[in-house]
Structures are given as C-alpha cells and as structure tokens.
Amino acid sequence: MPKGTRRVRAGYESPWASARAAGPWAIVAAVKPAPNSPCPCYSGTKYKRCCRPAHRGALPNAPKDLMRARYSAFALGLARFVMDTTHPEGSSFEADRAQWERSILHFAGSTSFDGLEIVETSGNDREGHVTFKATLRQGEQDASFTERSRFLRESGAWLYHSGDVEASS
Ligand SMILES: [Zn+2]
C-alpha cells in the first residue's frame, strides 16, 4: 500500500482525489506533509513548528491552536485527530466511529482547503470561543464559511464542542 508522502503546500490540490482513484483502501492512508512545508492551517509557519506537535499528541495551549490543528487535520485527512478532539457531548460527535471516520475522509477528499483566518478569540481557561473564516472549495463550488466555535477544557485538554455558522462568504 502506498504511503502518502506528497508534500503539502499552501493552495495545494487535494491529494485525496488521486488516493480515491487508486482504490477504496487508499483513502485511509493519511497524507504526510514534509516537516518543513508550510502548515496547512495557513499560519505561515512550518508544519513541524505549527500543527504537527498537536497531531502527534501534544496538547494545544489555547482553543485557537486546537482550531488550527483541526483545520489542518481535515486538510491532511487525519480523521482520528478530528474525532479525538471533539467533545463527546458536542453537536458533531458521532457514536459510530467507523462511520464518522468515513464521513470525515469523504469531506477531506472532496474539499480543497484554501485558507483559514482566525477572526476573534475569547474565553477563560475552561471555555473558549474562536471565530474563524474557513475558505473551502468543493469542485467548482465555494464552500467557505465563518463559524463561532465553542471549546471546552476537560482534564487539561481542549476539545471542540460545537459551533454556530455565522455567514457564508
Ligand atoms: Zn498549523
């Protein structure tokens, strides 16, 4: 089974398109961006200094850091990271993990992740809110949206709880 070793850079084409063409088994092979590539969360920082530590298990310090890591996890098809950082009482939590993983990978594979902008953050050390604008494209369609997300801290770890979509762009 080929491992995803393509470099990921800003504005890259979704690598999932070719992964899917190779067969259904290929879709679960996560893409590994080179450590020195720009982070898929558009921070302007190298992946190894931005979201990779979180993807490898380091706890993000603040909700906005988790927000970035979740965005880049979607972009890279790291479904387990997305699931593991979702609050079990949150609106997007799904009990059927296999089904949930498939739907995340389907979303990741059919979406181009073209930009992330953190608009506003607020909160305290137990609950935080992050308003962000995600620039996404699905085929020819603009799938961008602005969301105000709610994060809760459980046993020291920030988790995504839910979000209100404020407006399409
Ligand atoms: Zn990042």
# chains A, B, ... in the order shown; residues from 1 in each chain; ligands from 1
call {"tool": "residues_around", "arguments": {"residues": "stretch 67-70 of chain A", "least_positions_apart": "6", "cutoff": "7 Å", "atoms": "only C-alpha atoms", "output": "count of residues only"}}
result
4
call {"tool": "residues_near_ligand", "arguments": {"ligand": "ligand 1", "cutoff": "10 Å", "atoms": "only C-alpha atoms and all ligand atoms", "output": "PyMOL selection string"}}
result
chain A and resi 38-55+65-73+116
call {"tool": "write_last_selection", "arguments": {"atoms": "N, CA and C atoms", "output": "PDB file, in the first residue's frame"}}
result
ATOM      1  N   PRO A  38       5.028  24.498   4.513  1.00  0.00           N
ATOM      2  CA  PRO A  38       4.140  25.410   5.235  1.00  0.00           C
ATOM      3  C   PRO A  38       2.980  24.637   5.846  1.00  0.00           C
ATOM      4  N   CYS A  39       2.593  25.004   7.038  1.00  0.00           N
ATOM      5  CA  CYS A  39       1.497  24.294   7.694  1.00  0.00           C
ATOM      6  C   CYS A  39       0.203  24.487   6.920  1.00  0.00           C
ATOM      7  N   PRO A  40      -0.585  23.409   6.761  1.00  0.00           N
ATOM      8  CA  PRO A  40      -1.860  23.516   6.036  1.00  0.00           C
ATOM      9  C   PRO A  40      -2.863  24.446   6.699  1.00  0.00           C
ATOM     10  N   CYS A  41      -2.578  24.924   7.909  1.00  0.00           N
ATOM     11  CA  CYS A  41      -3.520  25.854   8.561  1.00  0.00           C
ATOM     12  C   CYS A  41      -3.258  27.302   8.180  1.00  0.00           C
ATOM     13  N   TYR A  42      -2.310  27.539   7.274  1.00  0.00           N
ATOM     14  CA  TYR A  42      -2.049  28.877   6.741  1.00  0.00           C
ATOM     15  C   TYR A  42      -1.519  29.851   7.800  1.00  0.00           C
ATOM     16  N   SER A  43      -0.824  29.317   8.791  1.00  0.00           N
ATOM     17  CA  SER A  43      -0.221  30.202   9.789  1.00  0.00           C
ATOM     18  C   SER A  43       1.005  30.910   9.229  1.00  0.00           C
ATOM     19  N   GLY A  44       1.567  30.369   8.142  1.00  0.00           N
ATOM     20  CA  GLY A  44       2.814  30.915   7.620  1.00  0.00           C
ATOM     21  C   GLY A  44       4.031  30.291   8.276  1.00  0.00           C
ATOM     22  N   THR A  45       3.778  29.364   9.212  1.00  0.00           N
ATOM     23  CA  THR A  45       4.850  28.682   9.929  1.00  0.00           C
ATOM     24  C   THR A  45       5.012  27.283   9.346  1.00  0.00           C
ATOM     25  N   LYS A  46       6.215  26.738   9.479  1.00  0.00           N
ATOM     26  CA  LYS A  46       6.431  25.370   9.028  1.00  0.00           C
ATOM     27  C   LYS A  46       5.545  24.406   9.822  1.00  0.00           C
ATOM     28  N   TYR A  47       5.124  23.360   9.105  1.00  0.00           N
ATOM     29  CA  TYR A  47       4.245  22.365   9.746  1.00  0.00           C
ATOM     30  C   TYR A  47       4.855  21.829  11.033  1.00  0.00           C
ATOM     31  N   LYS A  48       6.162  21.570  11.018  1.00  0.00           N
ATOM     32  CA  LYS A  48       6.792  20.958  12.195  1.00  0.00           C
ATOM     33  C   LYS A  48       6.772  21.881  13.409  1.00  0.00           C
ATOM     34  N   ARG A  49       6.669  23.187  13.163  1.00  0.00           N
ATOM     35  CA  ARG A  49       6.636  24.117  14.284  1.00  0.00           C
ATOM     36  C   ARG A  49       5.228  24.594  14.590  1.00  0.00           C
ATOM     37  N   CYS A  50       4.243  24.102  13.809  1.00  0.00           N
ATOM     38  CA  CYS A  50       2.874  24.597  13.977  1.00  0.00           C
ATOM     39  C   CYS A  50       1.967  23.476  14.470  1.00  0.00           C
ATOM     40  N   CYS A  51       1.306  22.796  13.569  1.00  0.00           N
ATOM     41  CA  CYS A  51       0.282  21.833  13.983  1.00  0.00           C
ATOM     42  C   CYS A  51       0.803  20.406  14.175  1.00  0.00           C
ATOM     43  N   ARG A  52       2.008  20.110  13.685  1.00  0.00           N
ATOM     44  CA  ARG A  52       2.470  18.728  13.819  1.00  0.00           C
ATOM     45  C   ARG A  52       2.577  18.253  15.264  1.00  0.00           C
ATOM     46  N   PRO A  53       3.112  19.082  16.185  1.00  0.00           N
ATOM     47  CA  PRO A  53       3.172  18.611  17.590  1.00  0.00           C
ATOM     48  C   PRO A  53       1.796  18.199  18.118  1.00  0.00           C
ATOM     49  N   ALA A  54       0.775  18.982  17.792  1.00  0.00           N
ATOM     50  CA  ALA A  54      -0.581  18.628  18.245  1.00  0.00           C
ATOM     51  C   ALA A  54      -1.027  17.318  17.600  1.00  0.00           C
ATOM     52  N   HIS A  55      -0.728  17.160  16.312  1.00  0.00           N
ATOM     53  CA  HIS A  55      -1.124  15.921  15.621  1.00  0.00           C
ATOM     54  C   HIS A  55      -0.402  14.713  16.191  1.00  0.00           C
ATOM     55  N   ASP A  65      -5.319  27.388  18.927  1.00  0.00           N
ATOM     56  CA  ASP A  65      -4.302  26.440  18.460  1.00  0.00           C
ATOM     57  C   ASP A  65      -4.948  25.110  18.065  1.00  0.00           C
ATOM     58  N   LEU A  66      -5.943  24.694  18.863  1.00  0.00           N
ATOM     59  CA  LEU A  66      -6.668  23.473  18.512  1.00  0.00           C
ATOM     60  C   LEU A  66      -7.477  23.684  17.240  1.00  0.00           C
ATOM     61  N   MET A  67      -8.057  24.870  17.128  1.00  0.00           N
ATOM     62  CA  MET A  67      -8.803  25.201  15.904  1.00  0.00           C
ATOM     63  C   MET A  67      -7.920  25.027  14.679  1.00  0.00           C
ATOM     64  N   ARG A  68      -6.712  25.582  14.742  1.00  0.00           N
ATOM     65  CA  ARG A  68      -5.767  25.460  13.630  1.00  0.00           C
ATOM     66  C   ARG A  68      -5.415  23.994  13.366  1.00  0.00           C
ATOM     67  N   ALA A  69      -5.157  23.267  14.452  1.00  0.00           N
ATOM     68  CA  ALA A  69      -4.743  21.864  14.299  1.00  0.00           C
ATOM     69  C   ALA A  69      -5.874  21.020  13.715  1.00  0.00           C
ATOM     70  N   ARG A  70      -7.114  21.360  14.069  1.00  0.00           N
ATOM     71  CA  ARG A  70      -8.240  20.619  13.498  1.00  0.00           C
ATOM     72  C   ARG A  70      -8.420  20.954  12.018  1.00  0.00           C
ATOM     73  N   TYR A  71      -8.237  22.217  11.669  1.00  0.00           N
ATOM     74  CA  TYR A  71      -8.330  22.600  10.251  1.00  0.00           C
ATOM     75  C   TYR A  71      -7.284  21.845   9.432  1.00  0.00           C
ATOM     76  N   SER A  72      -6.048  21.849   9.925  1.00  0.00           N
ATOM     77  CA  SER A  72      -5.008  21.157   9.149  1.00  0.00           C
ATOM     78  C   SER A  72      -5.209  19.645   9.191  1.00  0.00           C
ATOM     79  N   ALA A  73      -5.816  19.133  10.255  1.00  0.00           N
ATOM     80  CA  ALA A  73      -6.119  17.700  10.304  1.00  0.00           C
ATOM     81  C   ALA A  73      -7.166  17.336   9.245  1.00  0.00           C
ATOM     82  N   LEU A 116      -7.449  29.810   6.047  1.00  0.00           N
ATOM     83  CA  LEU A 116      -8.012  29.878   7.399  1.00  0.00           C
ATOM     84  C   LEU A 116      -7.600  31.200   8.020  1.00  0.00           C
TER      85      LEU A 116
END
call {"tool": "select_by_dssp", "arguments": {"residues": "stretch 61-127 of chain A", "states": "helix (DSSP H, G or I)", "output": "number ranges by chain"}}
result
A: 63-76, 79-84, 97-109
call {"tool": "residues_around", "arguments": {"residues": "stretch 134-145 of chain A", "least_positions_apart": "2", "cutoff": "12 Å", "atoms": "only C-alpha atoms", "output": "tab-separated table (two decimals) with C-alpha atoms, in the first residue's frame"}}
result
chain	number	residue	atom	x	y	z
A	11	GLY	CA	-3.05	26.10	-2.20
A	12	TYR	CA	-2.27	22.51	-2.97
A	13	GLU	CA	-4.73	20.30	-4.74
A	14	SER	CA	-6.44	17.79	-2.57
A	17	ALA	CA	-8.56	12.81	-5.43
A	40	PRO	CA	-1.86	23.52	6.04
A	41	CYS	CA	-3.52	25.85	8.56
A	42	TYR	CA	-2.05	28.88	6.74
A	67	MET	CA	-8.80	25.20	15.90
A	68	ARG	CA	-5.77	25.46	13.63
A	70	ARG	CA	-8.24	20.62	13.50
A	71	TYR	CA	-8.33	22.60	10.25
A	72	SER	CA	-5.01	21.16	9.15
A	74	PHE	CA	-9.13	17.97	7.99
A	75	ALA	CA	-6.82	19.12	5.21
A	106	HIS	CA	-15.09	11.87	2.39
A	107	PHE	CA	-15.27	15.55	3.34
A	108	ALA	CA	-11.48	15.83	3.33
A	109	GLY	CA	-11.24	14.12	-0.02
A	110	SER	CA	-13.85	16.25	-1.74
A	111	THR	CA	-12.74	19.60	-0.34
A	112	SER	CA	-9.91	21.95	-1.15
A	113	PHE	CA	-8.69	23.76	1.97
A	114	ASP	CA	-7.75	27.17	0.64
A	115	GLY	CA	-7.48	29.37	3.69
A	116	LEU	CA	-8.01	29.88	7.40
A	117	GLU	CA	-8.33	33.16	9.20
A	118	ILE	CA	-8.80	33.47	12.95
A	119	VAL	CA	-11.11	36.44	13.36
A	131	THR	CA	-14.45	32.85	15.39
A	132	PHE	CA	-12.78	31.81	12.19
A	147	GLU	CA	-18.08	29.95	12.37
A	148	ARG	CA	-18.00	30.84	16.03
A	163	GLY	CA	-20.15	25.96	16.53
A	164	ASP	CA	-22.54	28.45	15.06
A	165	VAL	CA	-22.08	29.18	11.40
A	166	GLU	CA	-22.41	32.91	11.10
A	167	ALA	CA	-22.35	33.57	7.39
A	168	SER	CA	-21.15	32.21	4.12
A	169	SER	CA	-18.60	34.34	2.40
call {"tool": "select_by_dssp", "arguments": {"residues": "stretch 6-162 of chain A", "states": "strand (DSSP E)", "output": "PyMOL selection string"}}
result
chain A and resi 112-123+127-138+141-142+145-154+157-162
call {"tool": "write_last_selection", "arguments": {"atoms": "N, CA and C atoms", "output": "short mmCIF file (atom, residue, chain, number, x, y, z; two decimals), in the first residue's frame"}}
result
data_model
loop_
_atom_site.label_atom_id
_atom_site.label_comp_id
_atom_site.auth_asym_id
_atom_site.auth_seq_id
_atom_site.Cartn_x
_atom_site.Cartn_y
_atom_site.Cartn_z
N SER A 112 -11.20 21.28 -1.06
CA SER A 112 -9.91 21.95 -1.15
C SER A 112 -9.85 22.99 -0.03
N PHE A 113 -8.81 22.90 0.78
CA PHE A 113 -8.69 23.76 1.97
C PHE A 113 -7.81 24.95 1.62
N ASP A 114 -8.47 26.06 1.28
CA ASP A 114 -7.75 27.17 0.64
C ASP A 114 -7.41 28.32 1.57
N GLY A 115 -7.85 28.27 2.81
CA GLY A 115 -7.48 29.37 3.69
C GLY A 115 -8.13 29.27 5.05
N LEU A 116 -7.45 29.81 6.05
CA LEU A 116 -8.01 29.88 7.40
C LEU A 116 -7.60 31.20 8.02
N GLU A 117 -8.60 31.88 8.55
CA GLU A 117 -8.33 33.16 9.20
C GLU A 117 -9.01 33.15 10.56
N ILE A 118 -8.22 33.35 11.62
CA ILE A 118 -8.80 33.47 12.95
C ILE A 118 -9.26 34.91 13.11
N VAL A 119 -10.55 35.09 13.32
CA VAL A 119 -11.11 36.44 13.36
C VAL A 119 -11.11 36.99 14.78
N GLU A 120 -11.48 36.14 15.74
CA GLU A 120 -11.63 36.64 17.11
C GLU A 120 -11.55 35.47 18.08
N THR A 121 -10.96 35.71 19.24
CA THR A 121 -10.94 34.68 20.29
C THR A 121 -11.37 35.31 21.60
N SER A 122 -11.98 34.50 22.45
CA SER A 122 -12.36 34.98 23.77
C SER A 122 -12.50 33.78 24.69
N GLY A 123 -12.63 34.04 25.98
CA GLY A 123 -12.88 32.95 26.91
C GLY A 123 -11.93 32.96 28.09
N GLU A 127 -13.39 27.51 29.18
CA GLU A 127 -14.23 27.59 27.99
C GLU A 127 -13.71 28.69 27.08
N GLY A 128 -13.63 28.39 25.81
CA GLY A 128 -13.14 29.39 24.87
C GLY A 128 -13.98 29.44 23.61
N HIS A 129 -13.96 30.60 22.97
CA HIS A 129 -14.66 30.77 21.71
C HIS A 129 -13.68 31.27 20.65
N VAL A 130 -13.80 30.71 19.49
CA VAL A 130 -12.94 31.12 18.38
C VAL A 130 -13.82 31.37 17.17
N THR A 131 -13.77 32.58 16.64
CA THR A 131 -14.45 32.85 15.39
C THR A 131 -13.42 32.77 14.27
N PHE A 132 -13.74 31.99 13.28
CA PHE A 132 -12.78 31.81 12.19
C PHE A 132 -13.50 31.83 10.85
N LYS A 133 -12.73 32.14 9.84
CA LYS A 133 -13.25 32.05 8.48
C LYS A 133 -12.45 30.99 7.74
N ALA A 134 -13.14 29.97 7.28
CA ALA A 134 -12.50 28.90 6.51
C ALA A 134 -12.84 29.08 5.04
N THR A 135 -11.83 29.15 4.23
CA THR A 135 -12.03 29.25 2.79
C THR A 135 -11.89 27.85 2.19
N LEU A 136 -13.00 27.33 1.70
CA LEU A 136 -13.04 25.96 1.20
C LEU A 136 -13.67 25.94 -0.19
N ARG A 137 -13.29 24.94 -0.93
CA ARG A 137 -13.89 24.76 -2.25
C ARG A 137 -14.19 23.29 -2.45
N GLN A 138 -15.37 23.02 -2.98
CA GLN A 138 -15.75 21.65 -3.31
C GLN A 138 -16.10 21.62 -4.77
N GLN A 141 -17.57 24.68 -6.51
CA GLN A 141 -18.41 25.42 -5.58
C GLN A 141 -17.63 25.99 -4.40
N ASP A 142 -17.89 27.25 -4.09
CA ASP A 142 -17.31 27.87 -2.91
C ASP A 142 -18.03 27.35 -1.67
N PHE A 145 -17.04 29.31 4.87
CA PHE A 145 -17.98 29.71 5.92
C PHE A 145 -17.24 30.37 7.07
N THR A 146 -18.01 31.11 7.85
CA THR A 146 -17.49 31.71 9.08
C THR A 146 -18.22 31.07 10.24
N GLU A 147 -17.46 30.64 11.24
CA GLU A 147 -18.08 29.95 12.37
C GLU A 147 -17.54 30.49 13.68
N ARG A 148 -18.43 30.56 14.67
CA ARG A 148 -18.00 30.84 16.03
C ARG A 148 -18.06 29.51 16.79
N SER A 149 -16.87 29.00 17.10
CA SER A 149 -16.76 27.68 17.72
C SER A 149 -16.65 27.80 19.23
N ARG A 150 -17.17 26.80 19.89
CA ARG A 150 -17.08 26.72 21.34
C ARG A 150 -16.16 25.56 21.72
N PHE A 151 -15.19 25.85 22.57
CA PHE A 151 -14.25 24.83 23.04
C PHE A 151 -14.35 24.71 24.56
N LEU A 152 -14.28 23.47 25.04
CA LEU A 152 -14.30 23.24 26.48
C LEU A 152 -13.03 22.49 26.87
N ARG A 153 -12.55 22.78 28.07
CA ARG A 153 -11.35 22.11 28.53
C ARG A 153 -11.72 21.00 29.51
N GLU A 154 -11.30 19.78 29.17
CA GLU A 154 -11.60 18.61 30.00
C GLU A 154 -10.29 17.95 30.39
N ALA A 157 -7.25 19.13 28.59
CA ALA A 157 -7.22 19.11 27.12
C ALA A 157 -8.41 19.90 26.55
N TRP A 158 -8.10 20.78 25.63
CA TRP A 158 -9.16 21.49 24.93
C TRP A 158 -9.85 20.56 23.94
N LEU A 159 -11.19 20.67 23.89
CA LEU A 159 -11.98 19.87 22.95
C LEU A 159 -12.96 20.79 22.23
N TYR A 160 -13.16 20.51 20.95
CA TYR A 160 -14.16 21.24 20.18
C TYR A 160 -15.54 20.76 20.60
N HIS A 161 -16.41 21.69 21.00
CA HIS A 161 -17.75 21.31 21.42
C HIS A 161 -18.77 21.50 20.31
N SER A 162 -18.89 22.70 19.83
CA SER A 162 -19.92 22.99 18.83
C SER A 162 -19.61 24.34 18.19
#
call {"tool": "decode", "arguments": {"residues": "stretch 66-105 of chain A", "atoms": "N, CA and C atoms", "output": "PDB file, in the first residue's frame"}}
result
ATOM      1  N   LEU A  66      -5.943  24.694  18.863  1.00  0.00           N
ATOM      2  CA  LEU A  66      -6.668  23.473  18.512  1.00  0.00           C
ATOM      3  C   LEU A  66      -7.477  23.684  17.240  1.00  0.00           C
ATOM      4  N   MET A  67      -8.057  24.870  17.128  1.00  0.00           N
ATOM      5  CA  MET A  67      -8.803  25.201  15.904  1.00  0.00           C
ATOM      6  C   MET A  67      -7.920  25.027  14.679  1.00  0.00           C
ATOM      7  N   ARG A  68      -6.712  25.582  14.742  1.00  0.00           N
ATOM      8  CA  ARG A  68      -5.767  25.460  13.630  1.00  0.00           C
ATOM      9  C   ARG A  68      -5.415  23.994  13.366  1.00  0.00           C
ATOM     10  N   ALA A  69      -5.157  23.267  14.452  1.00  0.00           N
ATOM     11  CA  ALA A  69      -4.743  21.864  14.299  1.00  0.00           C
ATOM     12  C   ALA A  69      -5.874  21.020  13.715  1.00  0.00           C
ATOM     13  N   ARG A  70      -7.114  21.360  14.069  1.00  0.00           N
ATOM     14  CA  ARG A  70      -8.240  20.619  13.498  1.00  0.00           C
ATOM     15  C   ARG A  70      -8.420  20.954  12.018  1.00  0.00           C
ATOM     16  N   TYR A  71      -8.237  22.217  11.669  1.00  0.00           N
ATOM     17  CA  TYR A  71      -8.330  22.600  10.251  1.00  0.00           C
ATOM     18  C   TYR A  71      -7.284  21.845   9.432  1.00  0.00           C
ATOM     19  N   SER A  72      -6.048  21.849   9.925  1.00  0.00           N
ATOM     20  CA  SER A  72      -5.008  21.157   9.149  1.00  0.00           C
ATOM     21  C   SER A  72      -5.209  19.645   9.191  1.00  0.00           C
ATOM     22  N   ALA A  73      -5.816  19.133  10.255  1.00  0.00           N
ATOM     23  CA  ALA A  73      -6.119  17.700  10.304  1.00  0.00           C
ATOM     24  C   ALA A  73      -7.166  17.336   9.245  1.00  0.00           C
ATOM     25  N   PHE A  74      -8.163  18.190   9.077  1.00  0.00           N
ATOM     26  CA  PHE A  74      -9.126  17.972   7.994  1.00  0.00           C
ATOM     27  C   PHE A  74      -8.399  17.994   6.656  1.00  0.00           C
ATOM     28  N   ALA A  75      -7.524  18.977   6.485  1.00  0.00           N
ATOM     29  CA  ALA A  75      -6.825  19.118   5.210  1.00  0.00           C
ATOM     30  C   ALA A  75      -5.948  17.904   4.920  1.00  0.00           C
ATOM     31  N   LEU A  76      -5.400  17.304   5.974  1.00  0.00           N
ATOM     32  CA  LEU A  76      -4.486  16.168   5.799  1.00  0.00           C
ATOM     33  C   LEU A  76      -5.196  14.823   5.897  1.00  0.00           C
ATOM     34  N   GLY A  77      -6.489  14.841   6.191  1.00  0.00           N
ATOM     35  CA  GLY A  77      -7.223  13.589   6.337  1.00  0.00           C
ATOM     36  C   GLY A  77      -6.895  12.848   7.619  1.00  0.00           C
ATOM     37  N   LEU A  78      -6.536  13.591   8.656  1.00  0.00           N
ATOM     38  CA  LEU A  78      -6.242  12.963   9.951  1.00  0.00           C
ATOM     39  C   LEU A  78      -7.536  12.842  10.756  1.00  0.00           C
ATOM     40  N   ALA A  79      -8.360  11.901  10.315  1.00  0.00           N
ATOM     41  CA  ALA A  79      -9.711  11.791  10.884  1.00  0.00           C
ATOM     42  C   ALA A  79      -9.672  11.497  12.378  1.00  0.00           C
ATOM     43  N   ARG A  80      -8.728  10.686  12.804  1.00  0.00           N
ATOM     44  CA  ARG A  80      -8.700  10.324  14.226  1.00  0.00           C
ATOM     45  C   ARG A  80      -8.420  11.525  15.109  1.00  0.00           C
ATOM     46  N   PHE A  81      -7.561  12.427  14.622  1.00  0.00           N
ATOM     47  CA  PHE A  81      -7.299  13.636  15.409  1.00  0.00           C
ATOM     48  C   PHE A  81      -8.576  14.455  15.545  1.00  0.00           C
ATOM     49  N   VAL A  82      -9.303  14.576  14.452  1.00  0.00           N
ATOM     50  CA  VAL A  82     -10.562  15.326  14.498  1.00  0.00           C
ATOM     51  C   VAL A  82     -11.514  14.683  15.504  1.00  0.00           C
ATOM     52  N   MET A  83     -11.626  13.375  15.451  1.00  0.00           N
ATOM     53  CA  MET A  83     -12.566  12.679  16.348  1.00  0.00           C
ATOM     54  C   MET A  83     -12.112  12.789  17.804  1.00  0.00           C
ATOM     55  N   ASP A  84     -10.810  12.631  18.015  1.00  0.00           N
ATOM     56  CA  ASP A  84     -10.291  12.629  19.388  1.00  0.00           C
ATOM     57  C   ASP A  84     -10.343  13.999  20.047  1.00  0.00           C
ATOM     58  N   THR A  85     -10.472  15.053  19.236  1.00  0.00           N
ATOM     59  CA  THR A  85     -10.522  16.395  19.811  1.00  0.00           C
ATOM     60  C   THR A  85     -11.933  16.972  19.761  1.00  0.00           C
ATOM     61  N   THR A  86     -12.911  16.093  19.572  1.00  0.00           N
ATOM     62  CA  THR A  86     -14.313  16.510  19.589  1.00  0.00           C
ATOM     63  C   THR A  86     -14.930  16.125  20.931  1.00  0.00           C
ATOM     64  N   HIS A  87     -15.589  17.075  21.557  1.00  0.00           N
ATOM     65  CA  HIS A  87     -16.222  16.816  22.851  1.00  0.00           C
ATOM     66  C   HIS A  87     -17.349  15.791  22.689  1.00  0.00           C
ATOM     67  N   PRO A  88     -17.384  14.770  23.565  1.00  0.00           N
ATOM     68  CA  PRO A  88     -18.404  13.714  23.411  1.00  0.00           C
ATOM     69  C   PRO A  88     -19.833  14.240  23.533  1.00  0.00           C
ATOM     70  N   GLU A  89     -19.994  15.393  24.141  1.00  0.00           N
ATOM     71  CA  GLU A  89     -21.348  15.963  24.225  1.00  0.00           C
ATOM     72  C   GLU A  89     -21.587  17.020  23.148  1.00  0.00           C
ATOM     73  N   GLY A  90     -20.617  17.160  22.267  1.00  0.00           N
ATOM     74  CA  GLY A  90     -20.725  18.188  21.228  1.00  0.00           C
ATOM     75  C   GLY A  90     -21.646  17.775  20.096  1.00  0.00           C
ATOM     76  N   SER A  91     -22.038  18.755  19.312  1.00  0.00           N
ATOM     77  CA  SER A  91     -23.038  18.528  18.275  1.00  0.00           C
ATOM     78  C   SER A  91     -22.501  17.686  17.116  1.00  0.00           C
ATOM     79  N   SER A  92     -21.193  17.685  16.903  1.00  0.00           N
ATOM     80  CA  SER A  92     -20.675  16.929  15.760  1.00  0.00           C
ATOM     81  C   SER A  92     -20.117  15.562  16.153  1.00  0.00           C
ATOM     82  N   PHE A  93     -20.247  15.203  17.440  1.00  0.00           N
ATOM     83  CA  PHE A  93     -19.761  13.904  17.897  1.00  0.00           C
ATOM     84  C   PHE A  93     -20.667  12.799  17.358  1.00  0.00           C
ATOM     85  N   GLU A  94     -20.035  11.723  16.887  1.00  0.00           N
ATOM     86  CA  GLU A  94     -20.812  10.577  16.403  1.00  0.00           C
ATOM     87  C   GLU A  94     -20.365   9.318  17.127  1.00  0.00           C
ATOM     88  N   ALA A  95     -21.322   8.557  17.600  1.00  0.00           N
ATOM     89  CA  ALA A  95     -21.008   7.345  18.358  1.00  0.00           C
ATOM     90  C   ALA A  95     -20.371   6.272  17.473  1.00  0.00           C
ATOM     91  N   ASP A  96     -20.801   6.218  16.228  1.00  0.00           N
ATOM     92  CA  ASP A  96     -20.256   5.225  15.299  1.00  0.00           C
ATOM     93  C   ASP A  96     -18.958   5.767  14.695  1.00  0.00           C
ATOM     94  N   ARG A  97     -17.836   5.358  15.296  1.00  0.00           N
ATOM     95  CA  ARG A  97     -16.545   5.927  14.907  1.00  0.00           C
ATOM     96  C   ARG A  97     -16.163   5.590  13.470  1.00  0.00           C
ATOM     97  N   ALA A  98     -16.481   4.374  13.054  1.00  0.00           N
ATOM     98  CA  ALA A  98     -16.113   3.971  11.688  1.00  0.00           C
ATOM     99  C   ALA A  98     -16.861   4.814  10.659  1.00  0.00           C
ATOM    100  N   GLN A  99     -18.141   4.995  10.916  1.00  0.00           N
ATOM    101  CA  GLN A  99     -18.955   5.816  10.020  1.00  0.00           C
ATOM    102  C   GLN A  99     -18.480   7.273  10.042  1.00  0.00           C
ATOM    103  N   TRP A 100     -18.161   7.736  11.245  1.00  0.00           N
ATOM    104  CA  TRP A 100     -17.696   9.114  11.416  1.00  0.00           C
ATOM    105  C   TRP A 100     -16.391   9.327  10.648  1.00  0.00           C
ATOM    106  N   GLU A 101     -15.493   8.359  10.787  1.00  0.00           N
ATOM    107  CA  GLU A 101     -14.210   8.459  10.092  1.00  0.00           C
ATOM    108  C   GLU A 101     -14.419   8.518   8.579  1.00  0.00           C
ATOM    109  N   ARG A 102     -15.315   7.677   8.071  1.00  0.00           N
ATOM    110  CA  ARG A 102     -15.588   7.688   6.635  1.00  0.00           C
ATOM    111  C   ARG A 102     -16.119   9.041   6.184  1.00  0.00           C
ATOM    112  N   SER A 103     -17.006   9.628   6.992  1.00  0.00           N
ATOM    113  CA  SER A 103     -17.586  10.899   6.556  1.00  0.00           C
ATOM    114  C   SER A 103     -16.544  12.025   6.615  1.00  0.00           C
ATOM    115  N   ILE A 104     -15.640  11.966   7.588  1.00  0.00           N
ATOM    116  CA  ILE A 104     -14.561  12.968   7.647  1.00  0.00           C
ATOM    117  C   ILE A 104     -13.646  12.817   6.433  1.00  0.00           C
ATOM    118  N   LEU A 105     -13.294  11.572   6.115  1.00  0.00           N
ATOM    119  CA  LEU A 105     -12.401  11.345   4.987  1.00  0.00           C
ATOM    120  C   LEU A 105     -13.066  11.713   3.668  1.00  0.00           C
TER     121      LEU A 105
END
